[in-house]
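Shown next, in structure tokens, is the structure this report addresses.
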Amino acid sequence: MLQQQQKAIIVGVQLQLQTDFAYSMQELRNLADACFIEVVGELSQKASRVNPSHYIGTGKIEELKALHAELEADVVIFNDELSPSQIRNLEADLECTVIDRTILILDIFAERAKTREAQLQVEVARLQYMLPRLVGLRASLGRQGGGSGVKNKGAGETKLELDRRRIEERITALHAELEKLVARRQIQRKQRKKNEVPVVCLVGYTNTGKSSLMNALIDKFHPESEKRVFAQDMLFATLETSVRSIDLPDKKSFLLTDTVGFVSQLPHHLIKAFRSTLEEVTEADLLVHVVDYSHADYSQLVAVTNETLKDLGALELPTIFAYNKCDLTNHPYPQIVDGTVYMSAQESAGLDELIAVIRSHVFNDYVQCELLVPFSQGRLVAYFNENAHVQETSYEETGTRLRMECRTSDLERYRNDVTVLQG
């Protein structure tokens with residue numbers, strides 16, 4: 001079903017020393033487009049601070065009213081999160097629907113959420129955003145009527161207070177359901193840690209090709225698998241954290257995690273709601289920061305992602321850069337330059353280079369060794385064949401001789417059960 005396109009004017013305030021204003025306004029256009037809203041006009045103002053009552057000054061309000069009438073716009077979208085009073089004042093003066101960047105992002109998330117956890121997280125964020133924006137809420141607080149005492153307390157409640165109470169009850173119920181899902185996720189993470197499998201996490205701005213990269217790696221190492229993830233050329237295609245095991249030919253494996261993409265000024269309600277999902281990032285052994293190298297302002301995308309990682313407390317984690325979409329640029333690829341991989345997930349070019357860099361970070365606890373395993377410890381031969389890269393096997397009078405590469409922890413664990421000939 002085709003959605004009726006609304007027309008919008010976008011409005012932003014450029015503060016002093018703000019260098020990314022033009023970029024953030026373009027990003028607002030992209031967000032509107034993702035909500036099937038056509039941007040027909042733009043208005044901006046340079047100021048030392050945002051106007052506390054109307055976001056923009058009175059002169060600009062008049063200019064905006066005229067522009068709104070001339071372009072026959074349905075809605076005005078503001079580039080920052082508006083306070084409840086700003087929304088009220090703007091809607092009263094402009095006599096039209098007013099929305100901000102936050103509700104635009106929340107709408108996209110609501111549209112894209114597929115799993116139960118993502119849907120719950122988005123609903124919590126939307127309700128928390130709505131709660132202080134129930135019109136006239138502050139004025140109506142305390143206006144209890146219809147008697148006194150606990151028994152009759154709700155008898156004279158206003159509609160707004162009932163709305164507020166319903167929202168708060170709904171948030172509490174959603175949190176309870178989310179906590180069960182979060183607990184399950186934490187058990188899974190503990191199990192992974194116990195198994196000593198390294199976790200590599202794909203991070204980056206939305207629509208840089210993280211899911212396409214994950215699918216390319218699945219196709220390369222598990223061609224028969226049906227574990228591809230959803231990937232599409234649109235903002236926030238991925239809202240669910242997907243974890244896939246990548247098993248390399250030499251018996252090494254790591255878990256690859258695909259995460260929700262970042263965008264500048266990601267609403268704090270969303271970061272709070274998605275914290276359990278984003279915790280996957282903070283507990284990774286290595287981050288692969290995927291960058292859309294074909295983007296005219298890719299360095300800004302990197303800055304936005306770094307800012308979000310900083311908010312999550314994950315900026316200090318070991319990170320490698322994968323400059324993706326090189327097929328849309330003149331830069332030679334695939335290649336590794338100072339640890340950065342230039343590649344194209346779309347063409348599956350640069351996957352070997354990326355794996356080589358990932359290996360150097362997450363498999364540095366491996367050691368080359370030669371062991372003689374007594375016949376009485378035959379189970380260890382089976383274990384090493386399963387969990388190590390056995391390069392050569394030969395049989396001697398007293399046992400099985402293995403030349404292999406294995407985890408240092410495995411060698412130490414079984415050192416007393418075997419004869420270590422080398423390593």
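Residue names in the structure tokens use chain letters A, B, ... in the order shown, residue numbers from 1 in each chain, and ligand numbers from 1 in the order shown.
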
Polymer residues at most 12 Å from Leu287 (chain A), only C-alpha atoms, same-chain spacing of 4 or more positions, as a PyMOL selection string: chain A and resi 198-204+210+255-259+280-283+305-306+309+314-322+357-358+361-362

All strand (DSSP E or B) residues (DSSP, backbone) inside region 306-366 of chain A, as a list in words: Thr319, Ile320, Phe321, Ala322, Tyr323, Asn324, Gln335, Ile336, Val337, Thr340, Val341, Tyr342, Ser344, Ala349 and Tyr366 of chain A

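Residues of region 313-352 of chain A assigned to helix (DSSP H, G or I) by DSSP on this structure's backbone: A:Cys326, A:Asp327, A:Leu328, A:Leu351, A:Asp352.
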
Could those selected residues go to a file with N, CA and C atoms, as a PDB file, in the first residue's frame?
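Printed below is out.pdb as written:
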```pdb
ATOM      1  N   CYS A 326      33.916   0.837  -1.502  1.00  0.00           N
ATOM      2  CA  CYS A 326      34.996   1.388  -2.328  1.00  0.00           C
ATOM      3  C   CYS A 326      34.694   1.236  -3.821  1.00  0.00           C
ATOM      4  N   ASP A 327      33.762   0.316  -4.155  1.00  0.00           N
ATOM      5  CA  ASP A 327      33.383   0.144  -5.565  1.00  0.00           C
ATOM      6  C   ASP A 327      32.702   1.393  -6.122  1.00  0.00           C
ATOM      7  N   LEU A 328      32.244   2.276  -5.221  1.00  0.00           N
ATOM      8  CA  LEU A 328      31.595   3.519  -5.652  1.00  0.00           C
ATOM      9  C   LEU A 328      32.571   4.694  -5.633  1.00  0.00           C
ATOM     10  N   LEU A 351      37.310  -9.350   1.800  1.00  0.00           N
ATOM     11  CA  LEU A 351      36.942 -10.189   2.951  1.00  0.00           C
ATOM     12  C   LEU A 351      38.168 -10.884   3.538  1.00  0.00           C
ATOM     13  N   ASP A 352      39.046 -11.398   2.664  1.00  0.00           N
ATOM     14  CA  ASP A 352      40.271 -12.064   3.156  1.00  0.00           C
ATOM     15  C   ASP A 352      41.139 -11.082   3.928  1.00  0.00           C
TER      16      ASP A 352
END
```

Which region 327-366 of chain A residues have any atom within 12 Å of an atom of region 403-410 of chain A, and for each, what is the nearest pair of atoms with distance in Å to one decimal, counting only C-alpha atoms, rows sorted by chain and number, as a Markdown table?
```
| residue | atom | partner | partner_atom | distance |
| --- | --- | --- | --- | --- |
| A:Val362 | CA | A:Arg407 | CA | 11.4 |
| A:Phe363 | CA | A:Arg407 | CA | 8.4 |
| A:Asn364 | CA | A:Arg407 | CA | 8.9 |
| A:Asp365 | CA | A:Thr408 | CA | 5.8 |
| A:Tyr366 | CA | A:Arg407 | CA | 4.3 |
```
